[in-house]
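*Asks:* Input my_file12.txt, format and content: compact mmCIF, C-alpha atoms.
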```txt
# COMPACT_ATOMS: atom_id res chain seq x y z
CA MET A 1482 25.82 77.51 121.28
CA ARG A 1483 27.58 75.57 124.00
CA ARG A 1484 27.76 72.61 121.62
CA LEU A 1485 29.12 74.81 118.90
CA LEU A 1486 32.14 76.11 120.80
CA PRO A 1487 34.09 72.83 120.93
CA THR A 1488 33.35 72.35 117.24
CA LEU A 1489 34.71 75.77 116.41
CA ALA A 1490 37.75 75.07 118.53
CA LEU A 1491 38.35 71.83 116.65
CA VAL A 1492 38.00 73.54 113.28
CA ALA A 1493 40.36 76.30 114.38
CA ALA A 1494 42.85 73.71 115.62
CA ALA A 1495 42.65 71.86 112.31
CA LEU A 1496 43.17 75.06 110.37
CA SER A 1497 46.11 75.92 112.57
CA VAL A 1498 47.69 72.49 112.03
CA GLY A 1499 47.03 72.79 108.31
CA SER A 1500 48.72 76.16 108.22
CA ALA A 1501 51.72 74.89 110.19
CA ALA A 1502 51.99 71.90 107.86
CA GLY A 1503 52.02 74.32 104.92
CA ALA A 1504 54.91 76.28 106.41
CA ALA A 1505 56.75 73.08 107.19
CA ALA A 1506 56.71 72.12 103.51
CA ARG A 1507 60.10 73.78 103.26
CA PRO A 1508 61.87 73.43 106.58
CA ALA A 1509 64.39 76.11 107.44
CA LYS A 1510 67.86 75.20 106.25
CA THR A 1511 71.32 76.00 107.51
CA TRP A 1512 73.89 76.99 104.92
CA THR A 1513 77.63 77.02 105.53
CA ILE A 1514 80.00 79.49 103.90
CA VAL A 1515 83.68 78.68 104.44
CA VAL A 1516 85.99 81.66 104.96
CA SER A 1517 89.53 80.77 103.97
CA GLN A 1518 92.65 82.49 102.65
CA LEU A 1519 91.04 85.91 103.14
CA ALA A 1520 88.06 85.09 100.91
CA PHE A 1521 84.40 84.18 101.39
CA GLY A 1522 83.38 80.83 99.93
CA GLN A 1523 80.47 80.38 97.57
CA SER A 1524 77.12 81.78 98.68
CA PRO A 1525 74.08 79.47 98.73
CA ALA A 1526 71.95 79.65 95.59
CA ASP A 1527 68.66 78.88 97.33
CA ALA A 1528 68.66 80.69 100.68
CA HIS A 1529 65.25 81.80 101.97
CA VAL A 1530 63.94 83.98 104.77
CA GLY A 1531 64.03 81.84 107.92
CA ASP A 1532 67.20 79.99 106.90
CA THR A 1533 70.47 80.37 108.76
CA ILE A 1534 73.88 81.21 107.34
CA VAL A 1535 76.93 79.94 109.22
CA TRP A 1536 80.29 81.40 108.24
CA VAL A 1537 83.10 79.04 109.27
CA ASN A 1538 86.46 80.76 109.65
CA GLN A 1539 89.46 78.65 108.66
CA ASP A 1540 91.82 81.64 108.77
CA ILE A 1541 94.05 82.81 111.60
CA PHE A 1542 92.45 86.27 111.35
CA LEU A 1543 89.27 87.70 112.85
CA HIS A 1544 86.73 88.38 110.11
CA SER A 1545 83.23 89.78 109.85
CA ALA A 1546 80.32 89.56 107.45
CA THR A 1547 79.14 93.15 107.31
CA ALA A 1548 76.31 94.18 105.00
CA GLY A 1549 76.80 97.27 102.87
CA ASP A 1550 73.33 98.47 103.93
CA HIS A 1551 74.14 97.77 107.62
CA SER A 1552 71.36 95.19 107.88
CA PHE A 1553 73.76 92.70 109.48
CA ASP A 1554 77.22 92.70 111.04
CA VAL A 1555 78.33 89.24 112.12
CA ALA A 1556 81.64 88.54 113.86
CA ILE A 1557 83.47 85.46 112.54
CA PRO A 1558 86.09 84.58 115.16
CA VAL A 1559 89.38 82.82 114.45
CA HIS A 1560 88.79 79.09 113.96
CA GLY A 1561 85.17 79.70 114.97
CA SER A 1562 81.96 80.64 113.25
CA GLY A 1563 79.36 83.37 112.97
CA ARG A 1564 75.60 82.80 112.48
CA LEU A 1565 72.88 84.85 110.90
CA THR A 1566 69.19 83.97 110.67
CA LEU A 1567 67.83 85.54 107.52
CA ASN A 1568 64.81 87.72 108.23
CA LYS A 1569 64.59 89.80 105.08
CA ALA A 1570 64.49 88.95 101.40
CA GLY A 1571 66.79 90.76 99.02
CA VAL A 1572 70.29 90.95 97.61
CA PHE A 1573 72.89 91.86 100.21
CA ALA A 1574 76.42 92.84 99.28
CA TYR A 1575 78.73 92.32 102.22
CA THR A 1576 82.40 92.64 103.12
CA CYS A 1577 84.73 91.90 105.99
CA LYS A 1578 84.98 95.22 107.84
CA TYR A 1579 88.59 94.45 108.74
CA HIS A 1580 89.73 93.26 105.31
CA PRO A 1581 87.95 95.37 102.71
CA GLY A 1582 89.20 93.26 99.80
CA MET A 1583 86.94 90.42 100.99
CA LYS A 1584 83.64 90.91 99.16
CA ALA A 1585 80.61 88.69 98.60
CA GLN A 1586 76.89 88.75 97.98
CA LEU A 1587 73.99 86.99 99.64
CA VAL A 1588 70.73 86.45 97.76
CA VAL A 1589 67.79 85.80 100.09
CA LYS A 1590 64.47 84.65 98.63
CA LYS A 1591 61.05 85.04 100.30
CA MET B 197 107.68 113.28 103.45
CA PHE B 198 105.72 110.03 103.59
CA ARG B 199 106.37 109.29 99.94
CA THR B 200 110.07 109.90 100.38
CA PHE B 201 110.20 107.55 103.33
CA ALA B 202 108.30 104.90 101.43
CA ILE B 203 110.59 105.03 98.45
CA ALA B 204 113.71 105.08 100.59
CA ALA B 205 112.57 102.16 102.69
CA ALA B 206 111.48 100.19 99.62
CA ALA B 207 114.91 100.71 98.11
CA LEU B 208 116.55 99.60 101.35
CA VAL B 209 114.42 96.50 101.59
CA ALA B 210 114.91 95.59 97.95
CA THR B 211 118.66 96.14 97.94
CA ALA B 212 119.39 94.34 101.16
CA ALA B 213 117.01 91.48 100.44
CA VAL B 214 118.63 90.87 97.07
CA ALA B 215 122.02 90.88 98.76
CA ALA B 216 120.76 88.46 101.37
CA ALA B 217 119.26 86.21 98.75
CA GLN B 218 122.32 85.71 96.57
CA PRO B 219 122.84 81.94 96.54
CA ALA B 220 126.64 82.13 96.61
CA ALA B 221 126.63 84.29 99.71
CA ALA B 222 123.72 82.60 101.47
CA PRO B 223 122.77 78.94 101.35
CA ASN B 224 119.07 78.04 101.63
CA ASP B 225 118.87 78.03 105.43
CA ALA B 226 120.64 81.37 105.73
CA GLN B 227 118.27 82.82 103.14
CA ILE B 228 115.24 81.53 105.06
CA ALA B 229 116.75 82.90 108.29
CA GLN B 230 117.14 86.37 106.81
CA ILE B 231 113.88 86.60 104.89
CA ALA B 232 111.95 85.31 107.92
CA HIS B 233 113.70 87.90 110.07
CA ILE B 234 112.75 90.72 107.66
CA ALA B 235 109.11 89.58 107.53
CA TYR B 236 108.92 89.17 111.31
CA THR B 237 110.57 92.56 111.89
CA ALA B 238 108.20 94.30 109.47
CA GLY B 239 105.24 92.83 111.38
CA SER B 240 106.69 93.69 114.80
CA LEU B 241 107.32 97.29 113.76
CA ASP B 242 103.74 97.70 112.64
CA ILE B 243 102.56 96.25 115.95
CA ALA B 244 104.77 98.81 117.77
CA ALA B 245 103.23 101.61 115.69
CA ALA B 246 99.74 100.30 116.47
CA LYS B 247 100.50 100.16 120.20
CA GLN B 248 101.65 103.76 120.06
CA ALA B 249 98.37 104.66 118.34
CA LEU B 250 96.42 102.87 121.05
CA THR B 251 98.27 104.92 123.67
CA ILE B 252 97.83 108.29 121.97
CA SER B 253 94.69 108.22 119.80
CA HIS B 254 91.12 108.61 121.04
CA ASN B 255 89.62 108.25 117.57
CA PRO B 256 87.49 105.04 117.37
CA THR B 257 88.35 104.43 113.69
CA VAL B 258 92.08 104.75 114.34
CA ARG B 259 91.90 102.61 117.46
CA ALA B 260 89.92 99.87 115.69
CA PHE B 261 92.47 99.83 112.87
CA ALA B 262 95.38 99.71 115.34
CA GLU B 263 93.76 96.79 117.19
CA GLU B 264 93.39 95.00 113.85
CA MET B 265 97.10 95.55 113.09
CA VAL B 266 98.14 94.14 116.46
CA ARG B 267 95.87 91.12 115.97
CA ASP B 268 96.69 90.31 112.33
CA HIS B 269 100.44 90.93 112.43
CA ALA B 270 100.78 88.94 115.65
CA ALA B 271 98.95 86.05 113.98
CA VAL B 272 101.26 86.11 110.95
CA ASN B 273 104.36 86.45 113.13
CA ASP B 274 103.26 83.49 115.26
CA GLN B 275 103.05 81.45 112.06
CA ALA B 276 106.46 82.67 110.93
CA LEU B 277 107.98 81.64 114.26
CA ALA B 278 106.28 78.25 114.09
CA LEU B 279 107.64 77.76 110.56
CA VAL B 280 111.28 78.62 111.36
CA LYS B 281 111.07 76.37 114.42
CA LYS B 282 109.73 73.54 112.25
CA LEU B 283 112.51 74.14 109.71
CA GLY B 284 115.09 74.31 112.49
CA VAL B 285 116.23 77.77 111.41
CA THR B 286 117.05 80.72 113.68
CA PRO B 287 115.94 84.10 112.25
CA GLU B 288 119.03 86.13 111.50
CA ASP B 289 119.37 89.88 111.88
CA ASN B 290 120.48 91.62 108.70
CA PRO B 291 120.91 95.10 107.18
CA THR B 292 117.31 95.20 105.84
CA SER B 293 115.79 94.45 109.24
CA GLN B 294 118.10 97.01 110.82
CA ALA B 295 117.20 99.69 108.26
CA LEU B 296 113.47 99.04 108.70
CA THR B 297 113.83 99.21 112.48
CA LYS B 298 115.85 102.41 112.38
CA ALA B 299 113.32 104.14 110.08
CA ALA B 300 110.33 102.98 112.12
CA ASP B 301 111.93 103.97 115.43
CA ALA B 302 112.51 107.47 114.05
CA LYS B 303 108.88 107.70 112.94
CA ARG B 304 107.58 106.61 116.33
CA ALA B 305 109.80 109.19 118.03
CA ASP B 306 108.39 111.91 115.74
CA TYR B 307 104.79 110.80 116.19
CA GLY B 308 105.23 110.61 119.95
CA LYS B 309 105.32 114.41 119.93
CA LEU B 310 101.91 114.63 118.22
CA THR B 311 98.41 114.43 119.65
CA GLY B 312 94.80 114.52 118.45
CA LYS B 313 94.04 114.75 114.76
CA ALA B 314 97.65 115.54 113.86
CA PHE B 315 98.73 112.20 115.28
CA ASP B 316 95.78 110.33 113.75
CA LEU B 317 96.56 111.64 110.27
CA ALA B 318 100.30 111.03 110.61
CA TYR B 319 99.71 107.46 111.78
CA ALA B 320 97.08 106.76 109.12
CA ASN B 321 99.18 108.17 106.27
CA ASN B 322 102.22 106.28 107.43
CA GLU B 323 100.24 103.04 107.62
CA VAL B 324 99.41 103.46 103.92
CA ALA B 325 103.05 104.20 103.09
CA TYR B 326 104.50 101.50 105.34
CA HIS B 327 102.23 98.74 104.02
CA HIS B 328 102.90 99.88 100.48
CA THR B 329 106.65 99.65 101.10
CA VAL B 330 106.47 96.21 102.67
CA ASN B 331 104.08 94.97 99.97
CA THR B 332 106.41 96.17 97.21
CA ALA B 333 109.33 94.40 98.86
CA LEU B 334 107.30 91.21 99.32
CA GLU B 335 106.06 91.23 95.75
CA THR B 336 109.24 92.17 93.93
CA THR B 337 111.96 90.68 96.10
CA LEU B 338 111.12 88.58 99.13
CA ILE B 339 108.54 86.24 97.57
CA PRO B 340 110.45 85.67 94.30
CA ASP B 341 113.64 85.06 96.30
CA ALA B 342 112.13 82.68 98.86
CA LYS B 343 113.17 79.18 97.83
CA ASN B 344 111.42 77.31 100.61
CA ALA B 345 107.82 76.52 99.53
CA GLU B 346 106.30 76.94 103.00
CA LEU B 347 108.04 80.26 103.57
CA LYS B 348 106.93 81.43 100.11
CA SER B 349 103.34 80.43 100.89
CA LEU B 350 103.41 82.28 104.23
CA LEU B 351 104.79 85.39 102.55
CA GLU B 352 102.09 85.17 99.88
CA THR B 353 99.39 85.01 102.57
CA GLY B 354 101.12 87.97 104.21
CA LEU B 355 101.05 89.94 100.96
CA LYS B 356 97.34 89.24 100.46
CA LEU B 357 96.63 90.37 104.03
CA PHE B 358 98.87 93.44 103.94
CA ARG B 359 97.32 94.61 100.67
CA MET B 360 93.99 94.62 102.47
CA HIS B 361 95.61 96.52 105.34
CA GLU B 362 96.91 99.08 102.85
CA GLN B 363 93.40 99.41 101.38
CA HIS B 364 91.90 99.69 104.87
CA ALA B 365 94.50 102.34 105.81
CA GLU B 366 93.52 104.33 102.71
CA GLN B 367 89.89 104.19 103.83
CA MET B 368 90.98 105.39 107.29
CA VAL B 369 92.85 108.36 105.77
CA ALA B 370 89.77 109.25 103.69
CA ALA B 371 87.52 109.03 106.77
CA LEU B 372 89.87 111.23 108.82
CA LYS B 373 89.89 113.89 106.11
CA LYS B 374 86.08 114.18 106.05
```
Render the structure in this file as structure tokens.
*Replies:*
Amino acid sequence: MRRLLPTLALVAAALSVGSAAGAAARPAKTWTIVVSQLAFGQSPADAHVGDTIVWVNQDIFLHSATAGDHSFDVAIPVHGSGRLTLNKAGVFAYTCKYHPGMKAQLVVKK
Amino acid sequence: MFRTFAIAAAALVATAAVAAAQPAAAPNDAQIAQIAHIAYTAGSLDIAAAKQALTISHNPTVRAFAEEMVRDHAAVNDQALALVKKLGVTPEDNPTSQALTKAADAKRADYGKLTGKAFDLAYANNEVAYHHTVNTALETTLIPDAKNAELKSLLETGLKLFRMHEQHAEQMVAALKK
């Protein structure tokens, strides 16, 4: 039994590494959406859970990316950026809560 | 009352801006000086209204909107000032700016007597009417008349922004009526 324990530990470690390698097959990506002239730029076509969205504000106005279902509300400061790590799959319609004419949609895959 | 004010102010803006924009009476620089003054004044007056709201209102929706007006209009006005400085033009007072100021001063005096929900609704309704007036003037008169490309572009950005303000003000009115 004492001999078996290290063996089990090694197998478990190997399994763990194998599992991590599987997850690393698609490393998390960071996608940039440019906000300019009171409009959101194009949304990424292949965003997945675990990826990060960075909204870069080129306007002189404070903006936000605010989900219609309240699942996120990200401030996008003037000449700055706002970040969101995607933790849920789905289709998210969002607006700027200050400028309601700014509308976009984020599709997040599993 | 709000509708009447909006129509009257729109007529004032349109008439005076057309007068200001007549090429024979106003060369290019004078036209820039007057249109820039009207745009700057319109922004400043909305900032003054927002500051009054921030003094009187305790409603979070109204206060958030007022803070947005201060922030956005100040940003546009800073750009307008930077542009006239770059062009070497001094903004010039004119009958349109004076009429807008007079009407807005009267409104603020009236609203200063209100409190609570009465003030919130008066401010919110007037924000819809005021932005509508300014947007109509921008769309029909000021932008078509602006001959300088940079000024025209700034006014177009202003129009896009103020339309969203008008839309946001409508949402505020709807929320206050719930």
*Asks:* Report as a VMD selection string all protein, DNA and RNA residues lying within 10 Å of B:Thr297, evaluated on all atoms listed in the file, omitting residues in the same chain fewer than 4 positions from it.
*Replies:* chain B and resid 234 237 to 238 240 to 241 291 to 293 301 to 303
*Asks:* I need the contact residues of chain A against chain B, so if you could list those with any atom within 9 Å, counting only C-alpha atoms, and return them as a ChimeraX atom specification, that would help.
*Replies:* /A:1518-1519,1541-1543,1578-1583
*Asks:* When distances are computed from all atoms listed in the file, which of A:Ile1514, A:Leu1587, A:Leu1567, A:Ala1520 shows the smallest separation from A:Thr1533?
*Replies:*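 Among the listed residues, A:Leu1567 lies closest to A:Thr1533.
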*Asks:* Counting only C-alpha atoms, which residue out of A:Thr1513, A:Asn1568, A:Gln1539, A:Ser1552 sits closest to A:Val1589?
*Replies:*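 Of A:Thr1513, A:Asn1568, A:Gln1539, A:Ser1552, the one nearest A:Val1589, counting only C-alpha atoms, is A:Asn1568.
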*Asks:* Which residue gives the smallest distance to A:Asp1554 among A:Val1515, A:Asp1532, A:Cys1577, A:Ala1570, with all atoms listed in the file counted?
*Replies:*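 For A:Asp1554, the nearest of the candidates is A:Cys1577.
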*Asks:* Give the answer as one residue: which of A:Thr1547, A:Thr1511, A:Val1537, A:Lys1584 has the shortest atom-to-atom distance to A:Pro1525, using only C-alpha atoms?
*Replies:*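 Checking each candidate against A:Pro1525, we get A:Thr1511 as the closest.
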*Asks:* List the spatial neighbours of B:Val266 as a list in words - criterion: any atom at most 9 Å away, only C-alpha atoms, same-chain residues fewer than 6 positions off excluded.
*Replies:*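 So the residues in contact are Gly239, Ser240, Asp242, Ile243, Ala244, Ala246 and Lys247 of chain B.
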*Asks:* Would you mind listing what lies within 10 Å of B:Leu350 as a short mmCIF file (atom, residue, chain, number, x, y, z; two decimals) with C-alpha atoms, in the frame of the given file, with all atoms listed in the file counted and same-chain residues fewer than 4 positions away left out?
*Replies:*
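New file out_21.cif:
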```cif
data_model
loop_
_atom_site.label_atom_id
_atom_site.label_comp_id
_atom_site.auth_asym_id
_atom_site.auth_seq_id
_atom_site.Cartn_x
_atom_site.Cartn_y
_atom_site.Cartn_z
CA ALA B 232 111.95 85.31 107.92
CA ALA B 235 109.11 89.58 107.53
CA VAL B 272 101.26 86.11 110.95
CA ASN B 273 104.36 86.45 113.13
CA GLN B 275 103.05 81.45 112.06
CA ALA B 276 106.46 82.67 110.93
CA LEU B 279 107.64 77.76 110.56
CA ILE B 339 108.54 86.24 97.57
CA ALA B 345 107.82 76.52 99.53
CA GLU B 346 106.30 76.94 103.00
CA GLY B 354 101.12 87.97 104.21
CA LEU B 355 101.05 89.94 100.96
CA LYS B 356 97.34 89.24 100.46
#
```
*Asks:* Of the candidates B:Lys309, B:Leu317, B:Leu347, B:Tyr326, which shows the shortest atom-to-atom distance to B:Lys374, using all atoms listed in the file?
*Replies:*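 Going through B:Lys309, B:Leu317, B:Leu347, B:Tyr326 one by one, the smallest distance to B:Lys374 is for B:Leu317.
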*Asks:* Please indicate the distance in Å from atom CA of B:Ala314 to atom CA of B:His328, rounded to one decimal place.
*Replies:*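 Distance reported for this atom pair: 21.3 Å.
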*Asks:* Which residue, A:Tyr1575, A:Asn1538, A:His1551, A:Trp1512, has the smallest gap to A:Ala1526 when you use all atoms listed in the file?
*Replies:*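 Closest to A:Ala1526, using all atoms listed in the file: A:Trp1512.
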*Asks:* Would you compute the box with edges along x, y and z of the file around stretch 1519-1536 of chain A, including every atom the file lists for it and 8 Å extra on each side, and give its centre and edge lengths in Å to one decimal, as JSON?
*Replies:*
```
{"center_x": 77.5, "center_y": 82.4, "center_z": 102.4, "size_x": 43.1, "size_y": 23.0, "size_z": 29.6}
```
*Asks:* Between atom CA of A:Asp1527 and atom CA of A:Ile1557, what distance in Å does the model show, to one decimal?
*Replies:*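 Separating atom CA of A:Asp1527 from atom CA of A:Ile1557 is a distance of 22.2 Å.
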*Asks:* Record the distance separating atom CA of A:Gly1531 and atom CA of A:Pro1558, expressed in Å with one decimal.
*Replies:* 23.4 Å
